[in-house]
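J.: mmCIF, C-alpha atoms, file target.cif:
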```cif
data_final
#
loop_
_atom_site.group_PDB
_atom_site.id
_atom_site.type_symbol
_atom_site.label_atom_id
_atom_site.label_comp_id
_atom_site.auth_asym_id
_atom_site.auth_seq_id
_atom_site.Cartn_x
_atom_site.Cartn_y
_atom_site.Cartn_z
ATOM 1 C CA MET A 197 146.116 76.988 272.777
ATOM 2 C CA SER A 198 142.409 77.617 272.427
ATOM 3 C CA ASP A 199 139.929 74.953 273.447
ATOM 4 C CA SER A 200 137.080 76.305 271.353
ATOM 5 C CA ILE A 201 135.442 75.141 268.169
ATOM 6 C CA LYS A 202 133.913 77.562 265.711
ATOM 7 C CA ILE A 203 131.345 76.796 263.041
ATOM 8 C CA VAL A 204 131.651 79.048 259.990
ATOM 9 C CA PHE A 205 128.735 79.033 257.552
ATOM 10 C CA THR A 206 130.356 79.062 254.115
ATOM 11 C CA GLY A 207 127.019 78.641 252.355
ATOM 12 C CA THR A 208 123.421 79.066 253.528
ATOM 13 C CA GLY A 209 121.551 78.622 250.243
ATOM 14 C CA SER A 210 119.466 75.774 248.872
ATOM 15 C CA GLY A 211 119.889 73.700 245.738
ATOM 16 C CA ARG A 212 118.810 76.703 243.656
ATOM 17 C CA SER A 213 121.684 78.996 242.662
ATOM 18 C CA SER A 214 121.597 82.502 244.084
ATOM 19 C CA LEU A 215 123.543 85.713 243.565
ATOM 20 C CA ASN A 216 123.491 86.359 247.297
ATOM 21 C CA ARG A 217 124.144 82.958 248.875
ATOM 22 C CA PHE A 218 126.294 79.917 248.167
ATOM 23 C CA HIS A 219 125.009 76.337 248.382
ATOM 24 C CA SER A 220 124.773 74.912 251.903
ATOM 25 C CA SER A 221 128.088 74.093 253.534
ATOM 26 C CA PHE A 222 129.931 74.915 256.719
ATOM 27 C CA LEU A 223 133.385 74.710 258.224
ATOM 28 C CA ILE A 224 134.044 73.161 261.627
ATOM 29 C CA ARG A 225 137.096 75.075 262.741
ATOM 30 C CA SER A 226 139.404 74.180 265.632
ATOM 31 C CA ASP A 227 143.052 74.693 266.539
ATOM 32 C CA SER A 228 143.929 71.147 265.488
ATOM 33 C CA TYR A 229 141.591 70.263 262.606
ATOM 34 C CA ASN A 230 139.432 72.187 260.117
ATOM 35 C CA LEU A 231 136.697 70.128 258.461
ATOM 36 C CA LEU A 232 134.603 71.399 255.553
ATOM 37 C CA ILE A 233 131.153 69.824 255.365
ATOM 38 C CA ASP A 234 130.003 69.660 251.719
ATOM 39 C CA ALA A 235 131.461 71.492 248.750
ATOM 40 C CA GLY A 236 128.864 72.556 246.204
ATOM 41 C CA ASP A 237 129.338 74.795 243.192
ATOM 42 C CA GLY A 238 131.208 77.986 244.136
ATOM 43 C CA ILE A 239 132.780 76.692 247.343
ATOM 44 C CA SER A 240 136.223 78.013 246.337
ATOM 45 C CA ARG A 241 134.849 81.542 245.913
ATOM 46 C CA ALA A 242 132.894 81.225 249.164
ATOM 47 C CA LEU A 243 136.078 80.407 251.075
ATOM 48 C CA LEU A 244 137.977 83.273 249.451
ATOM 49 C CA ARG A 245 135.167 85.700 250.286
ATOM 50 C CA LEU A 246 135.421 84.699 253.957
ATOM 51 C CA GLY A 247 139.201 85.005 253.975
ATOM 52 C CA ILE A 248 139.713 81.270 254.519
ATOM 53 C CA GLU A 249 142.841 79.975 252.834
ATOM 54 C CA PHE A 250 142.613 76.689 250.949
ATOM 55 C CA LYS A 251 145.581 75.296 252.881
ATOM 56 C CA GLU A 252 143.639 75.716 256.134
ATOM 57 C CA ILE A 253 141.228 72.920 255.144
ATOM 58 C CA ASP A 254 142.387 69.613 256.616
ATOM 59 C CA GLY A 255 139.469 67.538 255.370
ATOM 60 C CA VAL A 256 136.277 67.643 253.314
ATOM 61 C CA LEU A 257 133.247 65.534 254.181
ATOM 62 C CA ILE A 258 130.518 64.980 251.587
ATOM 63 C CA THR A 259 127.139 64.117 253.121
ATOM 64 C CA HIS A 260 125.672 62.905 249.802
ATOM 65 C CA PHE A 261 126.163 63.367 246.083
ATOM 66 C CA HIS A 262 123.482 65.817 245.056
ATOM 67 C CA PRO A 263 125.381 68.351 242.880
ATOM 68 C CA ASP A 264 124.790 71.286 245.253
ATOM 69 C CA HIS A 265 126.664 69.334 247.929
ATOM 70 C CA PHE A 266 129.709 68.091 246.021
ATOM 71 C CA SER A 267 130.083 69.648 242.534
ATOM 72 C CA GLY A 268 132.639 72.221 243.702
ATOM 73 C CA LEU A 269 134.982 69.640 245.225
ATOM 74 C CA ILE A 270 137.041 69.021 242.082
ATOM 75 C CA THR A 271 137.510 72.753 241.541
ATOM 76 C CA LEU A 272 138.512 73.174 245.192
ATOM 77 C CA ILE A 273 141.165 70.470 244.840
ATOM 78 C CA GLN A 274 142.369 72.148 241.637
ATOM 79 C CA GLN A 275 142.688 75.457 243.503
ATOM 80 C CA MET A 276 144.653 73.740 246.262
ATOM 81 C CA LYS A 277 147.035 72.439 243.602
ATOM 82 C CA MET A 278 147.403 75.885 242.019
ATOM 83 C CA TYR A 279 148.113 77.409 245.442
ATOM 84 C CA ASN A 280 150.884 74.828 245.950
ATOM 85 C CA ARG A 281 149.328 72.894 248.796
ATOM 86 C CA GLN A 282 151.644 70.304 250.306
ATOM 87 C CA MET A 283 149.738 68.946 253.319
ATOM 88 C CA PRO A 284 147.575 65.819 252.817
ATOM 89 C CA LEU A 285 143.833 66.312 252.360
ATOM 90 C CA ASP A 286 141.312 63.930 253.928
ATOM 91 C CA LEU A 287 138.221 63.168 251.859
ATOM 92 C CA PHE A 288 135.317 61.615 253.777
ATOM 93 C CA VAL A 289 132.658 59.936 251.625
ATOM 94 C CA SER A 290 130.421 56.891 251.859
ATOM 95 C CA LYS A 291 132.233 53.635 251.099
ATOM 96 C CA SER A 292 130.258 53.017 247.889
ATOM 97 C CA ASN A 293 131.280 56.404 246.453
ATOM 98 C CA ILE A 294 135.051 56.238 246.983
ATOM 99 C CA ASN A 295 135.745 54.621 243.593
ATOM 100 C CA PHE A 296 133.334 57.025 241.884
ATOM 101 C CA LEU A 297 135.177 60.007 243.350
ATOM 102 C CA LYS A 298 138.577 58.602 242.416
ATOM 103 C CA GLU A 299 137.403 58.071 238.846
ATOM 104 C CA LEU A 300 135.898 61.572 238.703
ATOM 105 C CA LEU A 301 139.208 63.073 239.838
ATOM 106 C CA ASN A 302 141.090 61.118 237.173
ATOM 107 C CA LYS A 303 138.585 62.088 234.465
ATOM 108 C CA SER A 304 139.058 65.723 235.542
ATOM 109 C CA TYR A 305 142.858 65.385 235.183
ATOM 110 C CA MET A 306 143.323 65.831 238.923
ATOM 111 C CA LEU A 307 145.862 63.015 239.008
ATOM 112 C CA GLU A 308 147.220 62.455 242.497
ATOM 113 C CA ASP A 309 150.787 62.063 241.181
ATOM 114 C CA ARG A 310 150.559 65.617 239.830
ATOM 115 C CA LEU A 311 148.730 67.304 242.697
ATOM 116 C CA GLY A 312 151.700 67.822 244.973
ATOM 117 C CA PHE A 313 149.802 66.533 247.993
ATOM 118 C CA VAL A 314 148.251 63.257 249.113
ATOM 119 C CA LEU A 315 144.522 62.542 249.094
ATOM 120 C CA ASN A 316 143.436 60.318 251.979
ATOM 121 C CA PHE A 317 140.097 58.692 251.183
ATOM 122 C CA GLN A 318 138.188 57.927 254.371
ATOM 123 C CA LYS A 319 134.963 55.934 254.349
ATOM 124 C CA ILE A 320 131.884 57.078 256.233
ATOM 125 C CA GLU A 321 129.870 54.289 257.807
ATOM 126 C CA THR A 322 126.478 54.737 259.436
ATOM 127 C CA GLY A 323 126.688 54.699 263.218
ATOM 128 C CA LYS A 324 130.497 54.732 263.333
ATOM 129 C CA ARG A 325 132.209 57.639 265.040
ATOM 130 C CA LEU A 326 134.866 59.707 263.283
ATOM 131 C CA ASP A 327 137.425 61.282 265.585
ATOM 132 C CA PHE A 328 139.206 64.452 264.517
ATOM 133 C CA ARG A 329 142.469 64.561 266.479
ATOM 134 C CA GLY A 330 140.632 64.322 269.775
ATOM 135 C CA LYS A 331 139.053 67.735 269.305
ATOM 136 C CA PHE A 332 135.605 66.705 268.133
ATOM 137 C CA THR A 333 133.834 63.640 266.787
ATOM 138 C CA LEU A 334 131.097 63.077 264.239
ATOM 139 C CA THR A 335 128.747 60.126 263.923
ATOM 140 C CA ALA A 336 126.956 59.540 260.636
ATOM 141 C CA ILE A 337 123.216 58.947 260.959
ATOM 142 C CA GLU A 338 121.342 57.825 257.866
ATOM 143 C CA ASN A 339 118.265 59.826 256.873
ATOM 144 C CA SER A 340 115.527 59.510 254.237
ATOM 145 C CA HIS A 341 116.639 62.335 251.937
ATOM 146 C CA LEU A 342 117.425 60.036 248.990
ATOM 147 C CA GLN A 343 114.703 57.427 249.447
ATOM 148 C CA LYS A 344 112.660 58.896 246.561
ATOM 149 C CA TYR A 345 115.220 57.313 244.204
ATOM 150 C CA LYS A 346 114.285 53.783 245.278
ATOM 151 C CA GLU A 347 111.981 53.586 242.278
ATOM 152 C CA TYR A 348 115.058 53.559 240.028
ATOM 153 C CA PRO A 349 116.670 50.180 240.763
ATOM 154 C CA GLY A 350 119.688 49.051 238.794
ATOM 155 C CA LYS A 351 121.129 52.557 238.470
ATOM 156 C CA GLY A 352 123.849 51.917 241.041
ATOM 157 C CA LEU A 353 122.668 54.801 243.208
ATOM 158 C CA ASP A 354 123.910 55.220 246.763
ATOM 159 C CA LEU A 355 120.748 56.012 248.724
ATOM 160 C CA LYS A 356 122.489 56.774 252.010
ATOM 161 C CA ALA A 357 122.289 60.465 252.823
ATOM 162 C CA ILE A 358 123.554 61.317 256.280
ATOM 163 C CA HIS A 359 123.284 64.042 258.858
ATOM 164 C CA LEU A 360 125.986 64.641 261.386
ATOM 165 C CA PRO A 361 125.401 65.451 265.057
ATOM 166 C CA LEU A 362 128.502 67.185 266.345
ATOM 167 C CA ASN A 363 129.527 65.433 269.552
ATOM 168 C CA ARG A 364 130.560 67.849 272.252
ATOM 169 C CA GLN A 365 134.163 67.389 273.273
ATOM 170 C CA ARG A 366 135.545 70.432 275.093
ATOM 171 C CA ALA A 367 133.620 72.517 272.585
ATOM 172 C CA ILE A 368 130.301 74.166 271.832
ATOM 173 C CA SER A 369 127.374 71.816 271.541
ATOM 174 C CA PHE A 370 125.410 71.133 268.393
ATOM 175 C CA ILE A 371 122.270 72.260 270.249
ATOM 176 C CA GLN A 372 123.756 75.734 270.615
ATOM 177 C CA VAL A 373 124.316 75.876 266.877
ATOM 178 C CA MET A 374 120.734 74.840 266.169
ATOM 179 C CA LEU A 375 119.472 77.628 268.453
ATOM 180 C CA ILE A 376 121.484 80.173 266.487
ATOM 181 C CA LEU A 377 120.358 78.955 263.045
ATOM 182 C CA PRO A 378 116.805 80.451 263.167
ATOM 183 C CA LEU A 379 118.303 83.859 263.980
ATOM 184 C CA ILE A 380 120.641 83.589 261.017
ATOM 185 C CA TRP A 381 117.815 82.640 258.673
ATOM 186 C CA MET A 382 115.696 85.545 259.982
ATOM 187 C CA TYR A 383 118.578 87.944 259.361
ATOM 188 C CA LEU A 384 119.034 86.618 255.806
ATOM 189 C CA ILE A 385 115.318 86.979 255.072
ATOM 190 C CA LEU A 386 115.352 90.579 256.342
ATOM 191 C CA MET A 387 118.368 91.297 254.155
ATOM 192 C CA GLN A 388 116.542 89.871 251.140
ATOM 193 C CA ILE A 389 113.494 92.068 251.859
ATOM 194 C CA GLN A 390 115.708 95.130 252.305
ATOM 195 C CA PHE A 391 117.460 94.406 248.997
ATOM 196 C CA TRP A 392 114.096 94.038 247.225
ATOM 197 C CA LEU A 393 112.780 97.322 248.665
ATOM 198 C CA LEU A 394 115.952 99.143 247.647
ATOM 199 C CA LYS A 395 115.654 97.727 244.136
ATOM 200 C CA GLN A 396 112.032 98.868 243.908
ATOM 201 C CA HIS A 397 112.953 102.354 245.161
ATOM 202 C CA THR A 398 115.796 102.621 242.610
ATOM 203 C CA SER A 399 113.453 101.558 239.789
ATOM 204 C CA ARG A 400 110.951 104.272 240.716
ATOM 205 C CA LEU A 401 113.678 106.954 240.731
ATOM 206 C CA LYS A 402 114.662 105.960 237.187
ATOM 207 C CA MET A 403 111.074 106.349 235.910
#
```
Here is a file; write its structure as structure tokens.
T.:
Amino acid sequence: MSDSIKIVFTGTGSGRSSLNRFHSSFLIRSDSYNLLIDAGDGISRALLRLGIEFKEIDGVLITHFHPDHFSGLITLIQQMKMYNRQMPLDLFVSKSNINFLKELLNKSYMLEDRLGFVLNFQKIETGKRLDFRGKFTLTAIENSHLQKYKEYPGKGLDLKAIHLPLNRQRAISFIQVMLILPLIWMYLILMQIQFWLLKQHTSRLKM
């Protein structure tokens, strides 16, 4: 049995929709647990494009509730239902958003009694470690991403956005991933430039 952990980038885009990139998300993949971090619009298509089956996902963790980080979750769960998933699915969200997510699922007709599999709602708490079958752990650290919404009191907003250092546990370190990221972004930028140049060349040939 392999001891390694792989990180698969399922989306490398921003909040702005793109024809070439999906919204930011990634899959922490191991031989005992596969965790999807964030599920923005188009996540189901992103997984299919990478050849990742819906039944391979053991859990989904939502860092915060900006639409580009969670709006594809309901559709993903619907796809799991349509593909006859039977294994339970863990859903990791902040404690204050569990009821919101349950209500959203019900309003979307994703009733747990009709899904064919169990949804396990797991609360994320700042500073508390989440253990994933002894393979890797994550600790939620609050950041300031949502603090601009403080000027809207009384709206019931959860202002806790988190980032997640991946704790090394017989696996690659998070530092290694961060060293690779700039190379990936450089490659994507070069691809964008190449696409633009090709488009310009094609336009000139048509003139």
J.: Report the distance between CA of Ser220 in chain A and CA of Leu311 in chain A in Å, rounded to one decimal place.
T.: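 Between these atoms lies a distance of 26.8 Å.
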J.: Considering only C-alpha atoms, return as a VMD selection string whatever protein or nucleic-acid residues lie within 10 Å of range 278-283 of chain A, sequence-local ones (same chain, fewer than 6 positions apart) excluded.
T.: chain A and resid 249 to 254 272 311 to 315
J.: Pick from A:Lys291, A:Met276, A:Ala235, A:Thr208: nearest to Arg310 in chain A, with all atoms listed in the file counted?
T.: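 Of all the options, A:Met276 lies closest to Arg310 in chain A.
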J.: Can you turn the PyMOL selection byres ((chain A and resi 237) around 9) into a concrete residue list for this file, as a compact mmCIF listing (two decimals) with C-alpha atoms, in the coordinates of the input?
T.:
```
# COMPACT_ATOMS: atom_id res chain seq x y z
CA SER A 213 121.68 79.00 242.66
CA PHE A 218 126.29 79.92 248.17
CA HIS A 219 125.01 76.34 248.38
CA ALA A 235 131.46 71.49 248.75
CA GLY A 236 128.86 72.56 246.20
CA GLY A 238 131.21 77.99 244.14
CA ILE A 239 132.78 76.69 247.34
CA SER A 240 136.22 78.01 246.34
CA PRO A 263 125.38 68.35 242.88
CA ASP A 264 124.79 71.29 245.25
CA HIS A 265 126.66 69.33 247.93
CA PHE A 266 129.71 68.09 246.02
CA SER A 267 130.08 69.65 242.53
CA GLY A 268 132.64 72.22 243.70
CA LEU A 269 134.98 69.64 245.22
CA THR A 271 137.51 72.75 241.54
```
J.: Calculate how many Å separate CA of Lys319 in chain A from CA of Leu287 in chain A, rounding to one decimal.
T.: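 Value for the CA of Lys319 in chain A-CA of Leu287 in chain A distance: 8.3 Å.
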J.: Please compute the CA of Phe205 in chain A-CA of Phe317 in chain A distance, one decimal, in Å.
T.: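 Computed distance, CA of Phe205 in chain A to CA of Phe317 in chain A, equals 24.2 Å.
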J.: Within 6 Å of Ser221 in chain A, counting all atoms listed in the file, which residues show up once you throw out same-chain ones fewer than 5 positions away? Write them as a compact mmCIF listing (two decimals) with C-alpha atoms, in the coordinates of the input, please.
T.:
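Saved result, part-v7.txt, follows:
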```txt
# COMPACT_ATOMS: atom_id res chain seq x y z
CA THR A 206 130.36 79.06 254.12
CA GLY A 207 127.02 78.64 252.36
CA ILE A 233 131.15 69.82 255.36
CA ASP A 234 130.00 69.66 251.72
```
J.: Which of these residues is nearest to Ser304 in chain A, using all atoms listed in the file: A:Leu232, A:Ile273, A:Ala242, A:Ile320?
T.: A:Ile273
J.: Which of these, A:Gln274, A:Ser228, A:Asn302, A:Asn216, has the shortest distance to Gly330 in chain A once you count all atoms listed in the file?
T.: A:Ser228
J.: Written as a VMD selection string, which residues does the PyMOL selection byres ((chain A and resi 325-329) around 10) give for the file shown?
T.: chain A and resid 226 228 to 231 254 to 255 288 318 to 324 330 to 337 363
J.: Missing atoms in range 276-308 of chain A: can you complete it with N, CA and C atoms, as a PDB file, in the coordinates of the input?
T.:
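Written out: selection-v7.pdb:
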```pdb
ATOM      1  N   MET A 276     143.623  74.120 245.299  1.00  0.00           N
ATOM      2  CA  MET A 276     144.653  73.740 246.262  1.00  0.00           C
ATOM      3  C   MET A 276     145.954  73.418 245.544  1.00  0.00           C
ATOM      4  N   LYS A 277     145.850  72.748 244.413  1.00  0.00           N
ATOM      5  CA  LYS A 277     147.035  72.439 243.602  1.00  0.00           C
ATOM      6  C   LYS A 277     147.684  73.717 243.095  1.00  0.00           C
ATOM      7  N   MET A 278     146.873  74.646 242.586  1.00  0.00           N
ATOM      8  CA  MET A 278     147.403  75.885 242.019  1.00  0.00           C
ATOM      9  C   MET A 278     148.014  76.791 243.088  1.00  0.00           C
ATOM     10  N   TYR A 279     147.552  76.648 244.336  1.00  0.00           N
ATOM     11  CA  TYR A 279     148.113  77.409 245.442  1.00  0.00           C
ATOM     12  C   TYR A 279     149.239  76.640 246.148  1.00  0.00           C
ATOM     13  N   ASN A 280     149.710  75.591 245.480  1.00  0.00           N
ATOM     14  CA  ASN A 280     150.884  74.828 245.950  1.00  0.00           C
ATOM     15  C   ASN A 280     150.704  74.208 247.332  1.00  0.00           C
ATOM     16  N   ARG A 281     149.546  73.628 247.537  1.00  0.00           N
ATOM     17  CA  ARG A 281     149.328  72.894 248.796  1.00  0.00           C
ATOM     18  C   ARG A 281     150.300  71.724 248.884  1.00  0.00           C
ATOM     19  N   GLN A 282     150.753  71.436 250.081  1.00  0.00           N
ATOM     20  CA  GLN A 282     151.644  70.304 250.306  1.00  0.00           C
ATOM     21  C   GLN A 282     151.100  69.323 251.351  1.00  0.00           C
ATOM     22  N   MET A 283     150.273  69.821 252.274  1.00  0.00           N
ATOM     23  CA  MET A 283     149.738  68.946 253.319  1.00  0.00           C
ATOM     24  C   MET A 283     148.693  67.983 252.733  1.00  0.00           C
ATOM     25  N   PRO A 284     148.603  66.773 253.271  1.00  0.00           N
ATOM     26  CA  PRO A 284     147.575  65.819 252.817  1.00  0.00           C
ATOM     27  C   PRO A 284     146.173  66.381 253.037  1.00  0.00           C
ATOM     28  N   LEU A 285     145.233  65.924 252.226  1.00  0.00           N
ATOM     29  CA  LEU A 285     143.833  66.312 252.360  1.00  0.00           C
ATOM     30  C   LEU A 285     142.999  65.057 252.586  1.00  0.00           C
ATOM     31  N   ASP A 286     142.214  65.050 253.661  1.00  0.00           N
ATOM     32  CA  ASP A 286     141.312  63.930 253.928  1.00  0.00           C
ATOM     33  C   ASP A 286     139.994  64.153 253.193  1.00  0.00           C
ATOM     34  N   LEU A 287     139.511  63.114 252.544  1.00  0.00           N
ATOM     35  CA  LEU A 287     138.221  63.168 251.859  1.00  0.00           C
ATOM     36  C   LEU A 287     137.312  62.097 252.461  1.00  0.00           C
ATOM     37  N   PHE A 288     136.245  62.528 253.108  1.00  0.00           N
ATOM     38  CA  PHE A 288     135.317  61.615 253.777  1.00  0.00           C
ATOM     39  C   PHE A 288     134.068  61.448 252.922  1.00  0.00           C
ATOM     40  N   VAL A 289     133.844  60.237 252.432  1.00  0.00           N
ATOM     41  CA  VAL A 289     132.658  59.936 251.625  1.00  0.00           C
ATOM     42  C   VAL A 289     132.169  58.537 251.988  1.00  0.00           C
ATOM     43  N   SER A 290     130.940  58.234 251.604  1.00  0.00           N
ATOM     44  CA  SER A 290     130.421  56.891 251.859  1.00  0.00           C
ATOM     45  C   SER A 290     131.259  55.864 251.089  1.00  0.00           C
ATOM     46  N   LYS A 291     131.371  54.679 251.650  1.00  0.00           N
ATOM     47  CA  LYS A 291     132.233  53.635 251.099  1.00  0.00           C
ATOM     48  C   LYS A 291     131.926  53.374 249.618  1.00  0.00           C
ATOM     49  N   SER A 292     130.647  53.355 249.262  1.00  0.00           N
ATOM     50  CA  SER A 292     130.258  53.017 247.889  1.00  0.00           C
ATOM     51  C   SER A 292     130.610  54.110 246.887  1.00  0.00           C
ATOM     52  N   ASN A 293     130.975  55.306 247.369  1.00  0.00           N
ATOM     53  CA  ASN A 293     131.280  56.404 246.453  1.00  0.00           C
ATOM     54  C   ASN A 293     132.772  56.714 246.340  1.00  0.00           C
ATOM     55  N   ILE A 294     133.614  55.978 247.042  1.00  0.00           N
ATOM     56  CA  ILE A 294     135.051  56.238 246.983  1.00  0.00           C
ATOM     57  C   ILE A 294     135.587  56.023 245.570  1.00  0.00           C
ATOM     58  N   ASN A 295     135.256  54.899 244.951  1.00  0.00           N
ATOM     59  CA  ASN A 295     135.745  54.621 243.593  1.00  0.00           C
ATOM     60  C   ASN A 295     135.194  55.624 242.583  1.00  0.00           C
ATOM     61  N   PHE A 296     133.933  56.012 242.763  1.00  0.00           N
ATOM     62  CA  PHE A 296     133.334  57.025 241.884  1.00  0.00           C
ATOM     63  C   PHE A 296     134.121  58.329 241.966  1.00  0.00           C
ATOM     64  N   LEU A 297     134.464  58.754 243.172  1.00  0.00           N
ATOM     65  CA  LEU A 297     135.177  60.007 243.350  1.00  0.00           C
ATOM     66  C   LEU A 297     136.595  59.918 242.780  1.00  0.00           C
ATOM     67  N   LYS A 298     137.237  58.784 242.983  1.00  0.00           N
ATOM     68  CA  LYS A 298     138.577  58.602 242.416  1.00  0.00           C
ATOM     69  C   LYS A 298     138.537  58.676 240.895  1.00  0.00           C
ATOM     70  N   GLU A 299     137.532  58.042 240.296  1.00  0.00           N
ATOM     71  CA  GLU A 299     137.403  58.071 238.846  1.00  0.00           C
ATOM     72  C   GLU A 299     137.096  59.489 238.348  1.00  0.00           C
ATOM     73  N   LEU A 300     136.234  60.203 239.075  1.00  0.00           N
ATOM     74  CA  LEU A 300     135.898  61.572 238.703  1.00  0.00           C
ATOM     75  C   LEU A 300     137.136  62.467 238.737  1.00  0.00           C
ATOM     76  N   LEU A 301     137.968  62.310 239.746  1.00  0.00           N
ATOM     77  CA  LEU A 301     139.208  63.073 239.838  1.00  0.00           C
ATOM     78  C   LEU A 301     140.128  62.768 238.656  1.00  0.00           C
ATOM     79  N   ASN A 302     140.245  61.491 238.307  1.00  0.00           N
ATOM     80  CA  ASN A 302     141.090  61.118 237.173  1.00  0.00           C
ATOM     81  C   ASN A 302     140.532  61.660 235.858  1.00  0.00           C
ATOM     82  N   LYS A 303     139.217  61.578 235.681  1.00  0.00           N
ATOM     83  CA  LYS A 303     138.585  62.088 234.465  1.00  0.00           C
ATOM     84  C   LYS A 303     138.709  63.610 234.361  1.00  0.00           C
ATOM     85  N   SER A 304     138.907  64.262 235.512  1.00  0.00           N
ATOM     86  CA  SER A 304     139.058  65.723 235.542  1.00  0.00           C
ATOM     87  C   SER A 304     140.536  66.136 235.504  1.00  0.00           C
ATOM     88  N   TYR A 305     141.409  65.157 235.269  1.00  0.00           N
ATOM     89  CA  TYR A 305     142.858  65.385 235.183  1.00  0.00           C
ATOM     90  C   TYR A 305     143.476  65.831 236.512  1.00  0.00           C
ATOM     91  N   MET A 306     142.766  65.571 237.603  1.00  0.00           N
ATOM     92  CA  MET A 306     143.323  65.831 238.923  1.00  0.00           C
ATOM     93  C   MET A 306     144.022  64.559 239.394  1.00  0.00           C
ATOM     94  N   LEU A 307     145.123  64.232 238.720  1.00  0.00           N
ATOM     95  CA  LEU A 307     145.862  63.015 239.008  1.00  0.00           C
ATOM     96  C   LEU A 307     146.689  63.218 240.275  1.00  0.00           C
ATOM     97  N   GLU A 308     146.581  62.280 241.204  1.00  0.00           N
ATOM     98  CA  GLU A 308     147.220  62.455 242.497  1.00  0.00           C
ATOM     99  C   GLU A 308     148.732  62.621 242.369  1.00  0.00           C
TER     100      GLU A 308
END
```
